[in-house]
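Trainee: This one is start-v9.csv, CSV, C-alpha atoms and all ligand atoms.
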chain,number,residue,atom,x,y,z
A,1,MET,CA,0.0,0.0,0.0
A,2,ALA,CA,1.4,3.4,-0.9
A,3,SER,CA,2.0,5.6,2.1
A,4,ASN,CA,1.1,9.3,2.1
A,5,ASN,CA,4.8,10.0,1.6
A,6,ASP,CA,4.9,7.9,-1.6
A,7,LYS,CA,1.8,9.6,-3.0
A,8,ARG,CA,3.1,13.0,-2.4
A,9,SER,CA,5.0,14.8,-5.2
A,10,LYS,CA,8.7,15.2,-4.6
A,11,THR,CA,8.5,19.0,-4.4
A,12,GLU,CA,5.5,19.2,-2.1
A,13,LYS,CA,6.3,20.3,1.4
A,14,VAL,CA,4.0,19.6,4.4
A,15,ILE,CA,5.1,22.0,7.1
A,16,MET,CA,3.7,21.1,10.5
A,17,VAL,CA,3.8,23.8,13.1
A,18,THR,CA,3.5,22.7,16.7
A,19,GLY,CA,2.4,25.2,19.3
A,20,ALA,CA,0.7,27.3,16.6
A,21,SER,CA,-1.9,28.7,18.9
A,22,GLY,CA,0.6,30.6,21.0
A,23,LEU,CA,2.4,33.9,20.7
A,24,VAL,CA,5.0,32.8,18.0
A,25,GLY,CA,2.7,30.3,16.3
A,26,ARG,CA,-0.1,32.9,15.7
A,27,ALA,CA,2.5,35.3,14.2
A,28,ILE,CA,3.7,32.5,11.8
A,29,GLN,CA,0.0,31.9,10.8
A,30,ALA,CA,-0.4,35.6,10.2
A,31,VAL,CA,2.7,36.0,8.1
A,32,VAL,CA,1.9,32.9,6.0
A,33,ALA,CA,-1.6,34.3,5.4
A,34,GLU,CA,-0.1,37.6,4.2
A,35,GLU,CA,2.6,36.0,2.0
A,36,THR,CA,2.2,35.4,-1.8
A,37,SER,CA,0.9,31.8,-1.8
A,38,ARG,CA,3.5,29.1,-2.5
A,39,PRO,CA,1.5,26.2,-4.0
A,40,GLU,CA,4.3,23.7,-3.1
A,41,GLU,CA,3.8,24.4,0.6
A,42,LYS,CA,1.0,23.1,2.8
A,43,PHE,CA,1.0,24.3,6.4
A,44,ILE,CA,-0.6,22.4,9.3
A,45,PHE,CA,-1.1,24.5,12.4
A,46,LEU,CA,-1.5,22.6,15.6
A,47,SER,CA,-2.4,23.3,19.3
A,48,SER,CA,-2.6,21.1,22.4
A,49,LYS,CA,-6.2,20.3,21.3
A,50,ASP,CA,-4.8,18.3,18.4
A,51,ALA,CA,-2.5,16.3,20.6
A,52,ASP,CA,-0.8,16.4,24.0
A,53,LEU,CA,2.8,16.2,22.9
A,54,VAL,CA,3.9,15.0,26.4
A,55,SER,CA,2.3,11.8,25.3
A,56,GLU,CA,4.4,9.5,23.1
A,57,GLU,CA,1.3,7.8,21.7
A,58,GLU,CA,-0.6,11.1,20.8
A,59,THR,CA,2.5,12.5,19.2
A,60,ARG,CA,3.0,9.4,17.1
A,61,LEU,CA,-0.6,9.5,15.9
A,62,LEU,CA,-0.2,13.1,14.9
A,63,PHE,CA,2.8,12.3,12.7
A,64,GLU,CA,0.9,9.3,11.3
A,65,LYS,CA,-2.1,11.5,10.4
A,66,HIS,CA,-0.2,14.5,8.9
A,67,ARG,CA,3.0,12.9,7.5
A,68,PRO,CA,4.9,16.2,7.6
A,69,THR,CA,8.0,16.7,5.5
A,70,HIS,CA,9.0,19.7,7.7
A,71,VAL,CA,8.3,20.6,11.3
A,72,ILE,CA,8.5,24.0,13.0
A,73,HIS,CA,8.5,22.9,16.6
A,74,LEU,CA,7.3,25.7,18.9
A,75,ALA,CA,5.2,23.7,21.4
A,76,ALA,CA,6.6,24.0,24.9
A,77,ARG,CA,5.6,24.7,28.5
A,78,VAL,CA,6.5,28.4,28.4
A,79,GLY,CA,6.5,31.0,31.2
A,80,GLY,CA,8.0,34.2,32.5
A,81,LEU,CA,10.5,34.5,35.4
A,82,PHE,CA,7.9,33.9,38.2
A,83,ALA,CA,6.3,30.8,36.6
A,84,ASN,CA,9.8,29.3,36.0
A,85,MET,CA,10.9,29.9,39.6
A,86,LYS,CA,7.8,28.1,40.9
A,87,TYR,CA,7.7,25.1,38.5
A,88,ASN,CA,11.3,24.3,37.6
A,89,LEU,CA,10.5,20.5,37.7
A,90,ASP,CA,7.4,20.7,35.4
A,91,PHE,CA,9.3,22.9,32.9
A,92,PHE,CA,12.1,20.4,32.8
A,93,THR,CA,10.0,17.2,32.6
A,94,ASP,CA,7.3,18.4,30.2
A,95,ASN,CA,9.7,20.0,27.8
A,96,LEU,CA,12.0,17.1,27.8
A,97,LYS,CA,9.2,14.7,27.0
A,98,ILE,CA,7.7,17.0,24.3
A,99,ASN,CA,11.0,17.5,22.6
A,100,THR,CA,12.0,13.8,22.7
A,101,ASN,CA,8.6,12.8,21.3
A,102,ILE,CA,8.8,15.3,18.4
A,103,LEU,CA,12.3,14.5,17.3
A,104,ASN,CA,11.9,10.7,17.8
A,105,ASN,CA,8.8,10.8,15.6
A,106,ALA,CA,10.3,13.2,13.1
A,107,PHE,CA,13.1,10.6,12.7
A,108,LYS,CA,10.7,7.6,12.4
A,109,PHE,CA,8.5,9.4,9.9
A,110,ASP,CA,11.5,10.6,7.7
A,111,VAL,CA,10.9,14.3,8.2
A,112,GLU,CA,13.4,16.2,6.1
A,113,LYS,CA,13.9,19.2,8.4
A,114,VAL,CA,12.9,20.2,12.0
A,115,VAL,CA,13.5,23.7,13.3
A,116,SER,CA,13.0,23.8,17.1
A,117,CYS,CA,13.1,26.7,19.4
A,118,LEU,CA,15.6,27.4,22.1
A,119,SER,CA,15.9,30.8,24.0
A,120,THR,CA,18.6,33.2,25.1
A,121,CYS,CA,17.6,32.6,28.7
A,122,ILE,CA,19.2,29.1,28.6
A,123,PHE,CA,22.8,30.4,28.3
A,124,PRO,CA,25.2,30.1,31.2
A,125,ASP,CA,24.5,32.5,34.1
A,126,LYS,CA,28.2,33.3,34.6
A,127,THR,CA,29.5,34.2,31.2
A,128,THR,CA,31.0,37.0,29.2
A,129,PHE,CA,28.7,39.1,27.1
A,130,PRO,CA,27.6,39.2,24.4
A,131,VAL,CA,26.8,35.5,24.2
A,132,ASP,CA,27.0,33.7,20.8
A,133,GLU,CA,25.8,30.3,19.5
A,134,THR,CA,28.9,28.5,20.6
A,135,MET,CA,28.4,29.2,24.3
A,136,ILE,CA,25.1,27.5,25.2
A,137,HIS,CA,26.6,24.6,27.1
A,138,ASN,CA,29.5,26.5,28.8
A,139,GLY,CA,28.2,26.5,32.4
A,140,PRO,CA,25.1,26.2,34.5
A,141,PRO,CA,22.1,28.4,33.6
A,142,HIS,CA,20.5,31.0,36.0
A,143,PRO,CA,19.0,29.2,39.0
A,144,SER,CA,15.6,30.8,38.4
A,145,ASN,CA,14.9,28.8,35.2
A,146,PHE,CA,17.3,25.8,35.3
A,147,GLY,CA,14.5,23.3,34.6
A,148,TYR,CA,13.4,25.0,31.3
A,149,ALA,CA,17.0,25.8,30.4
A,150,TYR,CA,18.4,22.3,30.7
A,151,ALA,CA,15.4,20.8,28.8
A,152,LYS,CA,16.0,23.3,26.0
A,153,ARG,CA,19.7,22.6,25.9
A,154,MET,CA,19.0,18.9,25.5
A,155,LEU,CA,17.2,19.8,22.2
A,156,ASP,CA,20.5,21.0,20.8
A,157,VAL,CA,22.2,17.8,22.2
A,158,MET,CA,19.5,15.6,20.5
A,159,ASN,CA,19.8,17.5,17.2
A,160,ARG,CA,23.5,16.7,17.2
A,161,CYS,CA,23.0,13.1,18.1
A,162,TYR,CA,20.4,12.6,15.3
A,163,LYS,CA,22.8,14.2,12.9
A,164,ASP,CA,25.7,12.0,14.0
A,165,GLN,CA,23.8,8.7,14.1
A,166,HIS,CA,21.2,9.1,11.4
A,167,ASN,CA,22.3,12.2,9.4
A,168,CYS,CA,19.0,14.0,10.2
A,169,LYS,CA,18.7,17.8,9.5
A,170,PHE,CA,17.2,18.8,12.9
A,171,THR,CA,18.3,22.3,14.0
A,172,SER,CA,17.3,25.0,16.4
A,173,VAL,CA,16.9,28.8,16.6
A,174,VAL,CA,17.5,30.9,19.6
A,175,PRO,CA,15.2,33.9,20.1
A,176,THR,CA,15.6,36.6,22.7
A,177,ASN,CA,12.5,37.7,24.7
A,178,VAL,CA,9.5,37.7,22.3
A,179,TYR,CA,6.4,39.9,22.5
A,180,GLY,CA,3.3,40.7,20.4
A,181,PRO,CA,-0.4,39.9,20.0
A,182,TRP,CA,-1.7,36.6,21.3
A,183,ASP,CA,0.9,36.5,24.1
A,184,ASN,CA,0.0,35.1,27.6
A,185,PHE,CA,-1.0,38.2,29.6
A,186,ASN,CA,-1.6,36.2,32.8
A,187,LEU,CA,0.5,37.9,35.6
A,188,GLU,CA,1.4,34.6,37.3
A,189,GLU,CA,2.4,32.8,34.1
A,190,GLY,CA,3.5,35.3,31.5
A,191,HIS,CA,6.6,37.2,30.5
A,192,VAL,CA,7.4,40.8,31.3
A,193,ILE,CA,5.9,42.8,28.3
A,194,PRO,CA,2.5,41.1,28.5
A,195,GLY,CA,2.6,41.4,32.3
A,196,LEU,CA,3.3,45.1,32.1
A,197,VAL,CA,0.7,45.7,29.4
A,198,HIS,CA,-2.0,43.9,31.5
A,199,LYS,CA,-1.0,45.9,34.6
A,200,VAL,CA,-1.1,49.3,32.9
A,201,PHE,CA,-4.5,48.4,31.4
A,202,THR,CA,-5.8,47.6,34.8
A,203,ALA,CA,-4.2,50.6,36.5
A,204,LYS,CA,-5.7,53.0,33.9
A,205,ARG,CA,-9.1,51.3,34.1
A,206,ASP,CA,-9.3,51.3,37.9
A,207,GLY,CA,-7.4,54.5,38.7
A,208,THR,CA,-4.7,52.6,40.7
A,209,PRO,CA,-0.9,52.7,40.6
A,210,PHE,CA,1.1,50.7,38.0
A,211,TYR,CA,3.6,48.4,39.7
A,212,ILE,CA,6.8,47.3,37.8
A,213,TRP,CA,8.2,44.2,39.5
A,214,GLY,CA,11.9,44.3,40.6
A,215,THR,CA,14.3,47.2,40.2
A,216,GLY,CA,13.5,47.9,36.5
A,217,SER,CA,17.3,47.8,35.8
A,218,PRO,CA,17.7,44.3,34.2
A,219,LEU,CA,18.5,44.5,30.5
A,220,ARG,CA,16.7,42.6,27.7
A,221,GLN,CA,16.6,42.4,23.9
A,222,PHE,CA,13.0,42.1,22.7
A,223,ILE,CA,12.0,40.7,19.4
A,224,PHE,CA,8.5,41.4,17.9
A,225,SER,CA,6.6,38.1,17.2
A,226,ARG,CA,6.1,39.1,13.5
A,227,ASP,CA,9.8,39.5,13.0
A,228,LEU,CA,10.5,36.2,14.6
A,229,ALA,CA,7.8,34.5,12.5
A,230,LYS,CA,9.5,35.8,9.3
A,231,LEU,CA,12.9,34.5,10.6
A,232,PHE,CA,11.3,31.1,11.4
A,233,LEU,CA,10.0,30.8,7.9
A,234,TRP,CA,13.4,31.7,6.5
A,235,ALA,CA,15.0,29.0,8.7
A,236,ILE,CA,12.6,26.2,7.6
A,237,ARG,CA,13.1,27.1,3.9
A,238,GLU,CA,16.8,28.1,3.8
A,239,TYR,CA,18.8,27.4,6.9
A,240,GLU,CA,20.8,24.2,6.5
A,241,GLU,CA,23.1,24.0,9.6
A,242,VAL,CA,22.5,21.8,12.6
A,243,ASP,CA,24.2,24.4,14.8
A,244,PRO,CA,21.7,26.9,16.4
A,245,ILE,CA,21.3,30.4,15.2
A,246,ILE,CA,20.5,33.4,17.4
A,247,PHE,CA,17.5,35.5,16.3
A,248,SER,CA,18.0,38.8,18.1
A,249,VAL,CA,17.9,42.5,17.5
A,250,GLY,CA,21.3,44.2,17.8
A,251,GLU,CA,23.1,44.8,21.1
A,252,GLU,CA,22.5,48.5,20.7
A,253,ASP,CA,18.7,47.8,20.9
A,254,GLU,CA,19.0,46.2,24.4
A,255,ILE,CA,16.8,48.2,26.9
A,256,THR,CA,16.0,48.1,30.6
A,257,ILE,CA,12.8,46.8,32.0
A,258,LYS,CA,12.0,50.3,33.1
A,259,GLU,CA,12.4,51.6,29.5
A,260,ALA,CA,10.1,48.9,28.2
A,261,ALA,CA,7.6,49.9,30.9
A,262,ASP,CA,7.9,53.6,29.9
A,263,LEU,CA,7.0,52.7,26.3
A,264,ILE,CA,3.9,50.8,27.5
A,265,VAL,CA,2.9,53.7,29.7
A,266,GLU,CA,3.2,56.0,26.7
A,267,ALA,CA,1.3,53.6,24.4
A,268,PHE,CA,-1.6,53.7,26.9
A,269,ASP,CA,-1.2,57.4,27.6
A,270,PHE,CA,-1.3,56.4,31.3
A,271,LYS,CA,-0.9,59.3,33.7
A,272,GLY,CA,-1.1,57.6,37.1
A,273,PRO,CA,1.7,56.7,39.5
A,274,VAL,CA,4.4,54.2,38.4
A,275,ILE,CA,6.0,52.3,41.3
A,276,LEU,CA,9.0,49.9,41.3
A,277,ASP,CA,8.2,46.9,43.6
A,278,THR,CA,11.7,46.0,44.6
A,279,SER,CA,10.5,43.2,46.9
A,280,LYS,CA,10.1,41.1,43.7
A,281,SER,CA,12.9,39.3,41.9
A,282,ASP,CA,15.0,40.8,39.1
A,283,GLY,CA,15.9,37.4,37.6
A,284,GLN,CA,18.8,37.4,35.2
A,285,ARG,CA,20.6,40.8,35.1
A,286,LYS,CA,21.1,40.5,31.4
A,287,LYS,CA,21.5,38.0,28.6
A,288,THR,CA,22.9,40.2,25.9
A,289,ALA,CA,23.2,38.1,22.7
A,290,GLU,CA,25.0,39.0,19.5
A,291,ASN,CA,23.3,38.5,16.1
A,292,THR,CA,26.5,38.4,13.9
A,293,LYS,CA,25.6,35.0,12.5
A,294,LEU,CA,22.1,36.1,11.6
A,295,ARG,CA,23.5,39.2,10.0
A,296,LYS,CA,25.9,37.1,7.8
A,297,TYR,CA,22.9,35.3,6.4
A,298,LEU,CA,20.4,38.2,6.4
A,299,PRO,CA,22.3,41.5,6.4
A,300,ASP,CA,19.3,43.6,5.4
A,301,PHE,CA,16.6,42.1,7.7
A,302,LYS,CA,14.7,44.9,9.3
A,303,PHE,CA,13.4,44.5,12.8
A,304,THR,CA,10.3,46.3,13.9
A,305,PRO,CA,11.2,49.3,16.2
A,306,ILE,CA,10.1,48.4,19.7
A,307,LYS,CA,8.0,51.5,20.1
A,308,GLU,CA,5.9,50.3,17.1
A,309,GLY,CA,5.7,46.7,18.2
A,310,ILE,CA,4.6,47.7,21.7
A,311,LYS,CA,1.9,50.0,20.3
A,312,GLU,CA,0.6,47.2,18.2
A,313,THR,CA,0.6,44.8,21.1
A,314,VAL,CA,-1.2,47.3,23.4
A,315,ASP,CA,-3.8,48.0,20.7
A,316,TRP,CA,-4.3,44.3,20.2
A,317,PHE,CA,-4.7,43.7,24.0
A,318,VAL,CA,-7.3,46.5,24.3
A,319,GLU,CA,-9.3,45.3,21.3
A,320,ASN,CA,-9.1,41.6,22.2
A,321,TYR,CA,-9.4,41.9,26.0
A,322,ASP,CA,-12.2,39.4,26.1
A,323,ILE,CA,-10.3,36.6,24.3
A,324,ALA,CA,-6.8,37.4,25.5
A,325,ARG,CA,-5.1,34.8,27.8
A,326,LYS,CA,-5.0,36.6,31.1
B,1,LIG,P1,3.0,30.2,24.2
B,1,LIG,O1,2.3,31.5,23.7
B,1,LIG,O2,2.8,29.9,25.6
B,1,LIG,O3,2.4,29.0,23.3
B,1,LIG,C1,2.8,27.7,23.6
B,1,LIG,C2,2.2,26.8,22.6
B,1,LIG,O4,2.6,25.4,22.9
B,1,LIG,C3,0.7,26.8,22.5
B,1,LIG,O5,0.3,26.6,21.2
B,1,LIG,C4,0.3,25.6,23.3
B,1,LIG,O6,-0.9,25.0,22.9
B,1,LIG,C5,1.4,24.6,22.9
B,1,LIG,N1,1.6,23.6,23.9
B,1,LIG,C6,2.0,23.7,25.2
B,1,LIG,N2,2.1,22.5,25.8
B,1,LIG,C7,1.7,21.6,24.9
B,1,LIG,C8,1.5,20.2,24.9
B,1,LIG,N3,1.7,19.5,26.0
B,1,LIG,N4,1.1,19.6,23.8
B,1,LIG,C9,0.8,20.3,22.7
B,1,LIG,N5,1.0,21.6,22.6
B,1,LIG,C10,1.4,22.3,23.7
B,1,LIG,O7,4.5,30.2,23.9
B,1,LIG,P2,5.4,31.0,22.8
B,1,LIG,O8,5.9,32.2,23.5
B,1,LIG,O9,4.6,31.2,21.5
B,1,LIG,O10,6.6,30.1,22.6
B,1,LIG,C11,6.9,29.4,21.4
B,1,LIG,C12,8.3,28.8,21.5
B,1,LIG,O11,9.2,29.9,21.6
B,1,LIG,C13,8.6,27.9,22.7
B,1,LIG,O12,9.3,26.8,22.3
B,1,LIG,C14,9.3,28.8,23.6
B,1,LIG,O13,10.2,28.1,24.5
B,1,LIG,C15,10.1,29.7,22.7
B,1,LIG,N6,10.5,31.0,23.2
B,1,LIG,C16,9.6,31.9,23.7
B,1,LIG,C17,10.1,33.1,24.1
B,1,LIG,C18,9.1,34.2,24.7
B,1,LIG,O14,9.6,35.2,25.1
B,1,LIG,N7,7.8,34.0,24.6
B,1,LIG,C19,11.4,33.4,24.1
B,1,LIG,C20,12.3,32.5,23.6
B,1,LIG,C21,11.9,31.3,23.1
B,1,LIG,P3,-2.3,25.5,23.6
B,1,LIG,O15,-2.6,26.9,23.1
B,1,LIG,O16,-3.4,24.6,23.0
B,1,LIG,O17,-2.1,25.4,25.0
B,2,LIG,P1,13.2,36.6,31.7
B,2,LIG,O1,13.5,37.6,30.6
B,2,LIG,O2,13.4,35.2,31.2
B,2,LIG,O3,13.8,36.9,33.0
B,2,LIG,O4,11.6,36.6,32.0
B,2,LIG,P2,10.5,37.7,32.0
B,2,LIG,O5,10.1,38.0,30.6
B,2,LIG,O6,9.5,37.2,32.9
B,2,LIG,O7,11.2,39.1,32.5
B,2,LIG,C1,11.5,39.1,33.9
B,2,LIG,C2,12.1,40.5,34.2
B,2,LIG,O8,11.0,41.5,34.1
B,2,LIG,C3,12.5,40.6,35.7
B,2,LIG,O9,13.6,41.5,35.8
B,2,LIG,C4,11.3,41.0,36.4
B,2,LIG,O10,11.6,41.6,37.7
B,2,LIG,C5,10.7,42.1,35.4
B,2,LIG,N1,9.3,42.3,35.5
B,2,LIG,C6,8.7,43.5,35.9
B,2,LIG,N2,7.4,43.4,35.9
B,2,LIG,C7,7.1,42.1,35.5
B,2,LIG,C8,5.8,41.5,35.3
B,2,LIG,O11,4.8,42.0,35.4
B,2,LIG,N3,5.9,40.2,34.8
B,2,LIG,C9,7.1,39.5,34.6
B,2,LIG,N4,7.1,38.3,34.2
B,2,LIG,N5,8.3,40.2,34.9
B,2,LIG,C10,8.3,41.4,35.3
Represent the structure from my file as structure tokens, please.
Mentor:
Amino acid sequence: MASNNDKRSKTEKVIMVTGASGLVGRAIQAVVAEETSRPEEKFIFLSSKDADLVSEEETRLLFEKHRPTHVIHLAARVGGLFANMKYNLDFFTDNLKINTNILNNAFKFDVEKVVSCLSTCIFPDKTTFPVDETMIHNGPPHPSNFGYAYAKRMLDVMNRCYKDQHNCKFTSVVPTNVYGPWDNFNLEEGHVIPGLVHKVFTAKRDGTPFYIWGTGSPLRQFIFSRDLAKLFLWAIREYEEVDPIIFSVGEEDEITIKEAADLIVEAFDFKGPVILDTSKSDGQRKKTAENTKLRKYLPDFKFTPIKEGIKETVDWFVENYDIARK
């Protein structure tokens, strides 16, 4: 009996995107919808409703059903500093299982290329800056998110093992802090930009102060989800290395948490008091990453200025308050 793979034309690509209902996945869906159509590409966008990827069996059934030729692997247990501090074990075990299931099935079902997602928060805590792609395994990660960090690092280890043993083209990309529409705006679970957006929204609505957690002095490079989506699509189509590649704005675009908060205050035209709650953790002081490798491949790629990206995110949250994760 001919398998779906046999029936498929040699040039047809079936690109399966895991975690497509999240921040990054929604942006990929939007960019694909706006692109000139490429008849040789068929996208399959998945969420946890299609399969719980922690389950080996559900993951296998998913590959059997869709027979992808390519996988953009985004699905993960994801959270901001405070969720990571609370659930290090769950971040480690869930992500390790999800990633093992995805790569194991990608191998079994002859997937041509997998692009998975690491993060700049998995780099060693004690390091020189800026970090680059060669430094991921050079020392322990920050204690606040060591569960997530080690699970993500193992993706890179597995990619190399699959290459060594089976010549698979499984690779990874390393984004900095991502933000944009469809983020998780829940204060307990989410990252800093959605957290700040949600808090300014509430402060403006209720006439209460806006609290920034921590000292506001840690530094971050933020990438707009639409920019990251374009880079992911470039990677699944063009990037051929097994070694990871950092997807980041330049070092000159690194800003403090307080500067990010100020941009959000401005986007809301919030006039009330702004208070730094220094009883809360600052997390990693900085994780400055260089984008030299990306610039070698894509010297002309234009990142969305953060002021524009934040305005779009704030407008999206206000317009979609009822459906936003919060
Ligand atoms: P997100 O908005 O929280 O989305 C997570 C996605 O994963 C959702 O589609 C979710 O499906 C899916 N998912 C979670 N657990 C699953 C499971 N057990 N089975 C199947 N699907 C599952 O996260 P994101 O920010 O888009 O993150 C995407 C990728 O980027 C992740 O690999 C993350 O580690 C990486 N990353 C994110 C950031 C950042 O700042 N956000 C920075 C660097 C790297 P449901 O919607 O159905 O729950
Ligand atoms: P990280 O970049 O991996 O550390 O994770 P986050 O995106 O959660 O950013 C954490 C940084 O933002 C820390 O310095 C926090 O003290 C600061 N921060 C300020 N307000 C908030 C907030 O409302 N939510 C979160 N998650 N972090 C906040």
Trainee: So which one's closest to Glu12 of chain A, A:His70, A:Lys199, A:Leu155, A:Leu263? Using all atoms listed in the file, please.
Mentor: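 Of all the options, A:His70 lies closest to Glu12 of chain A.
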Trainee: Rounded to one decimal, what separation in Å do you get between atom CA of Lys49 of chain A and atom CA of Ile323 of chain A?
Mentor: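 Here the two named atoms are 17.1 Å from each other.
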Trainee: State, in Å with one decimal place, the distance from atom C3 of ligand LIG 1 (chain B) to atom CA of Ala76 of chain A.
Mentor: 7.0 Å
Trainee: If you count only C-alpha atoms and all ligand atoms, which residues end up within 8 Å of ligand LIG 1 (chain B), as a ChimeraX atom specification?
Mentor: /A:18-26,46-55,73-80,94,98,116-121,152,174-179,182-184,191
Trainee: As a count of residues only, please: every protein or nucleic acid residue near ligand LIG 2 (chain B) (cut-off 9 Å, counting all atoms listed in the file).
Mentor: 56
Trainee: For a quick check of understanding, using only C-alpha atoms, which of A:Ala27, A:Glu58, A:Lys293, A:Phe107 has the smallest distance to Asn159 of chain A?
Mentor: A:Phe107
Trainee: Could you please determine the separation between atom CA of Thr59 of chain A and atom CA of Ser37 of chain A in Å, to one decimal place?
Mentor: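 Answer for the atom CA of Thr59 of chain A to atom CA of Ser37 of chain A separation: 28.6 Å.
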Trainee: Just give me the residues with any atom within 7 Å of (0.2, 26.3, 6.7), file coordinates, counting only C-alpha atoms, written as a PyMOL selection string.
Mentor: chain A and resi 15+29+32+42-45
Trainee: Those residues with C-alpha atoms, as a compact mmCIF listing (two decimals), in the frame of the given file please?
Mentor:
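Final file, result.txt:
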# COMPACT_ATOMS: atom_id res chain seq x y z
CA ILE A 15 5.10 22.00 7.10
CA GLN A 29 0.00 31.90 10.80
CA VAL A 32 1.90 32.90 6.00
CA LYS A 42 1.00 23.10 2.80
CA PHE A 43 1.00 24.30 6.40
CA ILE A 44 -0.60 22.40 9.30
CA PHE A 45 -1.10 24.50 12.40
Trainee: Within 12 Å of segment 133-140 of chain A, counting all atoms listed in the file, which residues show up once you throw out same-chain ones fewer than 3 positions away? Write them as a ChimeraX atom specification, please.
Mentor: /A:118-130,143-147,149-157,172-175,242-248,287,289-294
Trainee: Quick one: everything within 7 Å of Gly309 of chain A, counting all atoms listed in the file, minus sequence neighbours fewer than 4 positions away in the same chain. Send it as a JSON list (two decimals) with C-alpha atoms, in the coordinates of the input.
Mentor:
[["chain", "number", "residue", "atom", "x", "y", "z"],
["A", 180, "GLY", "CA", 3.30, 40.70, 20.40],
["A", 224, "PHE", "CA", 8.50, 41.40, 17.90],
["A", 304, "THR", "CA", 10.30, 46.30, 13.90],
["A", 305, "PRO", "CA", 11.20, 49.30, 16.20],
["A", 313, "THR", "CA", 0.60, 44.80, 21.10]]
Trainee: Could you pull out every residue with an atom within 9 Å of (8.0, 11.0, 17.2), file coordinates, counting all atoms listed in the file, and send them as number ranges by chain?
Mentor: A: 56-57, 59-63, 99-109
Trainee: Go through A:Asp253, A:Glu34, A:Asp132, A:Glu241 one by one, measure the shortest atom-to-atom distance of each to Phe303 of chain A using all atoms listed in the file, and give the residue with the smallest value.
Mentor: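 Smallest separation from Phe303 of chain A among the options: A:Asp253.
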Trainee: Which residue out of A:Trp316, A:Phe270, A:Tyr297, A:Phe170 has the minimum interatomic distance to Gly207 of chain A when only C-alpha atoms are used?
Mentor: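 For Gly207 of chain A, the nearest of the given residues is A:Phe270.
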